[in-house]
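To be precise, the following lines are query.txt, and they hold compact mmCIF, C-alpha atoms.
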# COMPACT_ATOMS: atom_id res chain seq x y z
CA MET A 674 -25.68 -10.06 19.03
CA GLY A 675 -26.78 -7.99 16.06
CA TYR A 676 -24.78 -6.48 13.22
CA ARG A 677 -21.74 -4.52 14.38
CA ILE A 678 -19.15 -2.49 12.53
CA SER A 679 -15.93 -4.38 13.18
CA GLU A 680 -13.44 -2.74 10.81
CA VAL A 681 -13.25 0.50 8.84
CA GLN A 682 -10.69 1.90 6.41
CA LEU A 683 -11.06 5.40 4.97
CA LYS A 684 -8.72 7.13 2.56
CA ASN A 685 -8.98 10.72 1.29
CA PHE A 686 -12.51 11.05 2.67
CA GLY A 687 -12.94 14.81 3.06
CA MET A 688 -10.98 15.97 6.12
CA ILE A 689 -9.99 12.38 6.94
CA GLU A 690 -6.95 11.55 4.86
CA ASN A 691 -6.25 8.14 6.37
CA PHE A 692 -8.13 6.11 8.95
CA SER A 693 -7.92 2.41 9.74
CA SER A 694 -9.19 0.62 12.82
CA ASN A 695 -10.71 -2.63 14.04
CA GLN A 696 -11.03 -1.38 17.64
CA PHE A 697 -14.79 -0.86 17.79
CA ALA A 698 -17.04 -1.58 20.76
CA ASN A 699 -20.79 -1.45 21.44
CA ILE A 700 -20.38 2.24 22.35
CA ASN A 701 -17.97 4.31 20.26
CA LEU A 702 -17.14 7.91 21.16
CA ILE A 703 -15.75 10.28 18.53
CA ILE A 704 -14.20 13.41 20.05
CA GLY A 705 -12.29 16.38 18.66
CA GLU A 706 -12.42 20.12 18.33
CA ASN A 707 -14.40 21.87 15.59
CA GLY A 708 -13.13 21.21 12.08
CA THR A 709 -11.55 17.82 12.79
CA GLY A 710 -14.21 15.85 10.89
CA LYS A 711 -16.42 14.29 13.59
CA THR A 712 -19.69 14.77 11.69
CA PHE A 713 -18.04 13.85 8.39
CA PHE A 714 -16.79 10.61 9.96
CA LEU A 715 -20.24 9.77 11.37
CA LYS A 716 -21.89 10.40 8.00
CA ALA A 717 -19.29 8.26 6.23
CA LEU A 718 -20.19 5.30 8.43
CA TYR A 719 -23.92 5.98 8.32
CA SER A 720 -24.13 6.29 4.53
CA ALA A 721 -22.36 2.95 4.09
CA VAL A 722 -24.51 1.16 6.67
CA ARG A 723 -27.81 2.57 5.32
CA SER A 724 -26.79 1.69 1.76
CA LEU A 725 -26.35 -1.92 2.85
CA GLU A 726 -29.75 -1.84 4.55
CA GLU A 727 -31.51 -0.32 1.53
CA TYR A 728 -29.74 -2.66 -0.91
CA LYS A 729 -32.04 -5.48 -2.13
CA ARG A 730 -34.73 -4.50 0.36
CA GLY A 731 -38.22 -5.35 -0.82
CA ASP A 732 -38.59 -5.21 -4.60
CA ASP A 733 -35.75 -2.71 -5.14
CA ILE A 734 -33.60 -3.87 -8.05
CA LYS A 735 -30.95 -1.10 -7.92
CA THR A 736 -27.29 -2.18 -7.82
CA ILE A 737 -25.17 -1.43 -4.76
CA SER A 738 -23.33 1.19 -6.84
CA GLU A 739 -26.62 3.00 -7.56
CA VAL A 740 -27.79 2.81 -3.95
CA LEU A 741 -24.45 4.10 -2.67
CA SER A 742 -24.23 6.93 -5.20
CA GLU A 743 -27.66 8.25 -4.26
CA LYS A 744 -27.10 7.87 -0.52
CA LEU A 745 -23.73 9.65 -0.61
CA ARG A 746 -25.02 12.52 -2.74
CA TRP A 747 -28.02 13.18 -0.48
CA THR A 748 -26.15 12.60 2.79
CA PHE A 749 -23.26 14.92 1.97
CA GLN A 750 -25.30 17.31 -0.21
CA VAL A 751 -22.74 17.57 -3.02
CA GLU A 752 -23.40 18.42 -6.65
CA LYS A 753 -20.75 15.92 -7.68
CA LEU A 754 -19.27 13.08 -5.63
CA GLY A 755 -15.71 14.12 -6.51
CA ASP A 756 -16.14 17.13 -4.21
CA MET A 757 -15.93 14.73 -1.25
CA VAL A 758 -12.36 13.70 -2.08
CA THR A 759 -9.62 15.34 0.02
CA LYS A 760 -8.56 18.39 -2.02
CA THR A 761 -4.81 17.80 -1.69
CA ALA A 762 -5.02 14.06 -2.43
CA GLU A 763 -3.26 12.62 -5.46
CA ASP A 764 -5.34 9.43 -5.25
CA GLY A 765 -9.09 9.00 -5.05
CA LEU A 766 -11.42 8.36 -2.13
CA SER A 767 -11.93 4.83 -0.84
CA MET A 768 -14.06 3.26 1.88
CA ASN A 769 -13.93 -0.28 3.23
CA MET A 770 -16.21 -1.46 6.04
CA ARG A 771 -16.72 -4.87 7.59
CA LEU A 772 -19.77 -5.79 9.66
CA GLY A 773 -19.20 -9.29 11.03
CA ASN A 774 -19.11 -11.54 7.97
CA ASP A 775 -20.54 -8.85 5.68
CA GLU A 776 -18.70 -6.00 4.02
CA ILE A 777 -19.08 -3.02 1.74
CA ASN A 778 -16.42 -1.08 -0.14
CA TYR A 779 -16.27 1.58 -2.83
CA GLN A 780 -14.00 4.16 -4.40
CA PHE A 781 -14.10 7.12 -6.77
CA SER A 782 -11.86 9.95 -7.97
CA GLN A 783 -12.13 13.74 -7.86
CA SER A 784 -13.62 13.65 -11.35
CA ALA A 785 -16.58 11.50 -10.26
CA SER A 786 -19.90 13.18 -10.98
CA SER A 787 -22.98 11.25 -9.83
CA LYS A 788 -21.72 7.66 -9.67
CA VAL A 789 -19.13 5.91 -7.53
CA GLY A 790 -16.31 4.35 -9.52
CA THR A 791 -16.43 0.79 -8.22
CA ALA A 792 -18.50 -0.70 -5.42
CA SER A 793 -19.14 -4.13 -3.94
CA ALA A 794 -21.16 -5.47 -1.04
CA SER A 795 -22.43 -8.69 0.46
CA GLU A 796 -25.07 -10.21 -1.79
CA LYS A 797 -27.86 -10.26 0.82
CA GLY A 798 -27.44 -6.68 2.09
CA LYS A 799 -27.98 -5.99 5.79
CA GLU A 800 -30.91 -6.57 8.16
CA GLY A 801 -32.13 -3.92 10.60
CA ASN A 802 -32.84 -0.21 10.56
CA SER A 803 -30.01 2.09 11.53
CA VAL A 804 -30.62 5.72 12.42
CA TYR A 805 -28.70 8.99 12.58
CA ILE A 806 -29.81 11.59 15.15
CA PRO A 807 -28.43 14.99 14.05
CA ALA A 808 -27.43 17.81 16.39
CA LYS A 809 -30.55 19.84 15.50
CA GLU A 810 -33.93 18.41 16.48
CA VAL A 811 -36.34 17.55 13.69
CA LEU A 812 -39.83 17.52 15.24
CA SER A 813 -40.44 21.25 14.73
CA LEU A 814 -39.26 20.93 11.12
CA PHE A 815 -41.09 17.67 10.42
CA SER A 816 -43.36 18.85 7.58
CA VAL A 817 -40.72 21.20 6.16
CA ILE A 818 -38.22 18.35 5.82
CA LEU A 819 -40.76 16.10 4.13
CA LYS A 820 -41.77 18.81 1.66
CA SER A 821 -38.14 19.69 0.91
CA ARG A 822 -37.31 16.11 -0.01
CA GLU A 823 -40.53 14.57 -1.31
CA VAL A 824 -42.04 17.56 -3.12
CA ASP A 825 -39.24 20.04 -3.91
CA LYS A 826 -36.50 17.36 -4.14
CA SER A 827 -33.90 20.00 -3.28
CA PHE A 828 -30.83 20.19 -1.08
CA GLY A 829 -31.25 21.69 2.37
CA PHE A 830 -31.98 18.75 4.65
CA ASP A 831 -29.66 15.83 4.07
CA ASP A 832 -30.54 12.14 4.25
CA THR A 833 -29.79 11.91 7.98
CA TYR A 834 -32.78 14.22 8.57
CA TYR A 835 -35.00 12.66 5.92
CA ASP A 836 -34.35 9.06 7.01
CA LEU A 837 -35.05 10.02 10.63
CA VAL A 838 -38.32 11.77 9.78
CA LYS A 839 -39.50 8.72 7.82
CA ALA A 840 -38.67 6.51 10.82
CA LEU A 841 -40.55 8.83 13.19
CA ARG A 842 -43.65 8.70 10.96
CA ILE A 843 -44.15 5.05 11.93
CA SER A 844 -46.78 4.73 14.66
CA PRO A 845 -45.98 2.94 17.94
CA SER A 846 -46.80 -0.76 17.76
CA ARG A 847 -48.39 -3.12 20.25
CA GLY A 848 -47.79 -6.79 20.88
CA GLY A 849 -45.13 -8.86 19.15
CA ARG A 850 -41.62 -9.32 20.38
CA ASN A 851 -40.49 -6.91 23.07
CA TYR A 852 -37.11 -6.25 24.64
CA THR A 853 -36.73 -5.62 28.35
CA ALA A 854 -33.84 -3.25 27.65
CA PHE A 855 -36.07 -1.15 25.38
CA ALA A 856 -38.82 -1.02 28.00
CA ASP A 857 -36.33 -0.01 30.70
CA SER A 858 -34.84 2.62 28.41
CA ARG A 859 -38.26 4.10 27.69
CA LYS A 860 -38.78 4.53 31.45
CA VAL A 861 -35.50 6.45 31.61
CA VAL A 862 -36.59 8.65 28.70
CA SER A 863 -39.94 9.38 30.36
CA ASN A 864 -38.14 10.52 33.52
CA VAL A 865 -35.70 12.70 31.60
CA ILE A 866 -38.41 14.60 29.70
CA ASP A 867 -41.03 14.37 32.50
CA GLY A 868 -43.73 13.25 30.08
CA LYS A 869 -43.99 12.14 26.48
CA VAL A 870 -44.02 13.52 22.96
CA ASP A 871 -46.55 12.16 20.47
CA TYR A 872 -47.79 12.74 16.92
CA ASP A 873 -51.33 13.82 16.06
CA GLU A 874 -52.05 11.97 12.80
CA GLU A 875 -55.11 14.06 11.92
CA ALA A 876 -53.48 17.46 12.55
CA GLY A 877 -50.11 16.31 11.21
CA LYS A 878 -48.33 17.88 14.20
CA TRP A 879 -46.24 16.82 17.17
CA PHE A 880 -47.17 17.76 20.73
CA TYR A 881 -45.78 17.35 24.25
CA LYS A 882 -47.83 16.10 27.20
CA ASN A 883 -46.33 16.29 30.69
CA LYS A 884 -47.10 13.93 33.56
CA LYS A 885 -49.83 16.30 34.77
CA ASN A 886 -51.58 15.63 31.43
CA GLN A 887 -50.99 19.20 30.24
CA LYS A 888 -50.60 19.39 26.45
CA PHE A 889 -48.26 21.79 24.63
CA SER A 890 -47.45 22.42 20.98
CA ILE A 891 -44.03 21.18 19.92
CA GLY A 892 -42.93 24.77 19.27
CA ALA A 893 -43.39 25.58 22.96
CA THR A 894 -41.37 22.54 24.06
CA SER A 895 -37.70 22.73 25.01
CA GLU A 896 -35.04 21.60 22.56
CA GLY A 897 -33.73 19.03 25.03
CA VAL A 898 -37.12 17.38 25.52
CA LYS A 899 -37.65 17.13 21.76
CA LYS A 900 -34.25 15.57 21.23
CA VAL A 901 -34.64 12.92 23.91
CA ALA A 902 -38.24 12.20 22.80
CA ILE A 903 -36.99 11.17 19.38
CA MET A 904 -35.30 8.14 20.92
CA ASP A 905 -38.49 7.23 22.79
CA ARG A 906 -40.48 7.23 19.54
CA LEU A 907 -37.93 4.99 17.81
CA LEU A 908 -38.11 2.53 20.70
CA ALA A 909 -41.93 2.67 20.85
CA ASN A 910 -42.51 2.04 17.14
CA ARG A 911 -39.80 -0.65 17.10
CA TYR A 912 -37.97 0.91 14.20
CA LEU A 913 -34.83 0.07 16.17
CA ASN A 914 -34.01 -3.58 16.75
CA SER A 915 -31.02 -5.71 17.67
CA ASP A 916 -29.59 -5.32 14.13
CA SER A 917 -29.71 -1.50 14.22
CA ILE A 918 -26.73 0.83 14.59
CA ILE A 919 -27.36 4.25 16.16
CA PHE A 920 -25.37 7.36 15.19
CA ILE A 921 -25.73 10.46 17.38
CA ASP A 922 -24.14 13.80 16.49
CA GLU A 923 -23.43 16.20 19.39
CA ILE A 924 -25.45 14.24 21.92
CA GLU A 925 -25.00 17.07 24.43
CA SER A 926 -26.78 19.65 22.26
CA ALA A 927 -29.64 21.34 24.23
CA LEU A 928 -29.22 18.95 27.19
CA HIS A 929 -28.13 19.96 30.69
CA PRO A 930 -25.46 17.78 32.42
CA GLU A 931 -27.94 15.68 34.43
CA ALA A 932 -29.99 14.90 31.32
CA ILE A 933 -26.78 14.03 29.44
CA CYS A 934 -25.91 11.49 32.13
CA GLN A 935 -29.41 9.98 32.10
CA PHE A 936 -29.43 9.83 28.31
CA LEU A 937 -26.06 8.07 28.29
CA ASP A 938 -27.28 5.61 30.92
CA MET A 939 -30.08 4.77 28.49
CA ILE A 940 -27.56 4.35 25.66
CA ASP A 941 -25.50 2.10 27.93
CA THR A 942 -28.56 -0.09 28.55
CA ILE A 943 -29.42 -0.37 24.86
CA ALA A 944 -25.83 -0.99 23.77
CA ASN A 945 -24.57 -3.35 26.44
CA ASP A 946 -27.78 -5.21 27.36
CA MET A 947 -29.11 -5.66 23.83
CA GLY A 948 -25.90 -5.54 21.85
CA LEU A 949 -26.84 -2.59 19.63
CA GLN A 950 -23.86 -0.57 18.44
CA VAL A 951 -23.81 3.18 19.04
CA PHE A 952 -21.53 5.88 17.61
CA ILE A 953 -21.53 9.23 19.42
CA ALA A 954 -19.78 12.42 18.27
CA SER A 955 -19.19 15.02 20.97
CA HIS A 956 -17.05 17.91 22.15
CA SER A 957 -18.45 17.90 25.69
CA TYR A 958 -16.29 17.06 28.69
CA PHE A 959 -19.46 15.84 30.49
CA VAL A 960 -20.06 13.25 27.76
CA ILE A 961 -16.44 12.09 27.78
CA LYS A 962 -16.36 11.83 31.58
CA LYS A 963 -19.68 9.95 31.82
CA LEU A 964 -18.64 7.44 29.16
CA TYR A 965 -15.28 7.05 30.89
CA LEU A 966 -17.12 6.08 34.09
CA ILE A 967 -19.17 3.55 32.10
CA ALA A 968 -15.98 2.20 30.50
CA MET A 969 -14.33 1.71 33.89
CA ARG A 970 -16.61 -1.29 34.61
CA LYS A 971 -14.59 -3.55 32.31
CA PRO A 972 -12.44 -3.40 29.16
CA GLY A 973 -14.12 -3.27 25.77
CA LEU A 974 -17.30 -1.37 26.68
CA VAL A 975 -16.42 2.00 25.12
CA SER A 976 -14.02 2.73 22.29
CA CYS A 977 -12.77 6.30 21.80
CA ILE A 978 -11.75 7.78 18.45
CA SER A 979 -9.91 11.05 19.08
CA LEU A 980 -9.58 13.39 16.10
CA SER A 981 -7.01 16.16 16.10
CA LYS A 982 -5.60 18.86 13.83
CA ASP A 983 -2.12 17.58 14.65
CA LYS A 984 -0.70 16.45 11.29
CA GLU A 985 1.71 14.00 12.94
CA GLN A 986 -1.05 12.09 14.78
CA PRO A 987 -4.46 13.28 13.54
CA ILE A 988 -6.35 10.19 14.77
CA HIS A 989 -5.94 8.10 17.90
CA VAL A 990 -8.12 5.08 18.78
CA CYS A 991 -8.21 3.55 22.25
CA ASP A 992 -10.28 1.64 24.80
CA LEU A 993 -11.70 4.27 27.17
CA HIS A 994 -11.24 1.76 30.01
CA ASP A 995 -7.51 2.46 29.78
CA GLY A 996 -8.01 6.19 30.43
CA MET A 997 -9.09 9.32 28.64
CA PRO A 998 -6.91 10.11 25.59
CA GLU A 999 -5.05 13.35 25.01
CA ASN A 1000 -7.37 15.83 23.33
CA THR A 1001 -7.84 19.59 23.39
CA ILE A 1002 -11.34 19.17 24.92
CA ILE A 1003 -9.92 17.34 27.90
CA ASP A 1004 -6.83 19.55 28.10
CA THR A 1005 -8.97 22.72 28.20
CA SER A 1006 -11.27 21.30 30.89
CA ILE A 1007 -8.31 20.33 33.06
CA ARG A 1008 -6.65 23.72 32.51
CA LEU A 1009 -9.83 25.54 33.64
CA TYR A 1010 -10.05 23.33 36.72
CA GLU A 1011 -6.42 23.99 37.61
CA GLN A 1012 -6.97 27.73 37.08
CA GLU A 1013 -9.97 27.60 39.42
CA ILE A 1014 -7.92 25.85 42.10
CA GLU A 1015 -5.19 28.47 41.79
CA GLU A 1016 -7.73 31.30 42.15
CA VAL A 1017 -9.32 29.71 45.23
CA LEU A 1018 -6.03 29.00 46.92

Hey, can you dump this file as structure tokens for me?
Amino acid sequence: MGYRISEVQLKNFGMIENFSSNQFANINLIIGENGTGKTFFLKALYSAVRSLEEYKRGDDIKTISEVLSEKLRWTFQVEKLGDMVTKTAEDGLSMNMRLGNDEINYQFSQSASSKVGTASASEKGKEGNSVYIPAKEVLSLFSVILKSREVDKSFGFDDTYYDLVKALRISPSRGGRNYTAFADSRKVVSNVIDGKVDYDEEAGKWFYKNKKNQKFSIGATSEGVKKVAIMDRLLANRYLNSDSIIFIDEIESALHPEAICQFLDMIDTIANDMGLQVFIASHSYFVIKKLYLIAMRKPGLVSCISLSKDKEQPIHVCDLHDGMPENTIIDTSIRLYEQEIEEVL
């Protein structure tokens, strides 16, 4: 079992005024309508996890406060960190996260400029390489993202994009330790995209090759294929390992329902056979329903964090095995189904 997020406490973190939970599983679904903070929540977790992974890695001598400050600024693209604090809050922002026996916590006020106020973390940092897969695919923008960050050093593509591009630059490896779950998942990916996507080192471009050996430029490849192919590359180059945590924003973006189901079957294999932890933000009924079917196998497989604009109960956390929670996404889907039945009858 690799590193897993076991407990999180957030206070005055953007749209999330108060969140506290220790009900996390290998697969964690975050649902909610637009404007409830799904992406913000994912980025809050990701920035903390990646800061732990970058802390004391190699010859880096930066303090955890310096690592965190830089990661937060580039992940949330803010001129000053204080802009991340909930506008109506009287107190500052605070984040506490526990990963097994390790932890990280920090806080800062609305007046914070480029540095967090106080921060602490486990002395040894965290093993593994975690990854955030944004809603928009990155292969077509590969060189643009690199130039924006490494040459221009300007806002535009946040650290979720930049970190992912750097991970995708790593060539597939051969030999060494292999995981059956990864190999099985790569077979699923190949079937979903009916081929493979690869990188031409000399040309500096991505291309798609179908199973008939026909080659296409990445610009002529569907958005869904490019998105799924990203996961294949991360499995092939072994950037992901048993200590990684995967964050996926709007997993349903550019995928048709059958591909969504196949993709989630792959996530199920990686999460529950290898023990990797996955966080998925979605507003798709297909995603919720598929993960509910996975959760029905036994308790504890899928945790659901439901975000709402309801001030009285803005956040609800549950085990999806116990049933789908109340949420406007589910309510709307059921209402449309009932309306269809009424029309037919």

Interatomic distance between atom CA of A:Asn699 and atom CA of A:Asp946?
9.9 Å

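Minimum distance to A:Ser915 across A:Asp825, A:Glu743, A:Glu800, A:Glu763 (counting all atoms listed in the file) occurs at A:Glu800.
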
With distances taken over only C-alpha atoms, the candidate from A:Leu908, A:Leu812, A:Ile866, A:Leu683 nearest A:Phe880 is A:Leu812

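For the set A:Glu810, A:Ser827, A:Arg970, A:Ile961, the residue with the smallest atom-to-atom gap to A:Ser895 is A:Glu810, counting all atoms listed in the file.
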
In Å and to one decimal, atom CA of A:Asp922 is distant from atom CA of A:Ser767 by 23.0 Å

If you take only C-alpha atoms and a cut-off of 10 Å, which residues of stretch 791-840 of chain A touch stretch 925-940 of chain A, and what are their nearest atom pairs and distances in Å to one decimal, in chain and number order, as JSON lines?
{"residue": "A:Pro807", "atom": "CA", "partner": "A:Ser926", "partner_atom": "CA", "distance": 9.6}
{"residue": "A:Ala808", "atom": "CA", "partner": "A:Ser926", "partner_atom": "CA", "distance": 6.2}
{"residue": "A:Lys809", "atom": "CA", "partner": "A:Ser926", "partner_atom": "CA", "distance": 7.7}
{"residue": "A:Glu810", "atom": "CA", "partner": "A:Ser926", "partner_atom": "CA", "distance": 9.3}

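Across A:Ala762, A:Met947, A:Ala954, A:Ile924, the tightest approach to A:Lys900 is made by A:Ile924 when counting only C-alpha atoms.
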
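Look at A:Thr748: the protein and nucleic acid residues within 6 Å of it, using all atoms listed in the file and passing over chain neighbours fewer than 4 places away, are A:Lys744, A:Asp831, A:Asp832.
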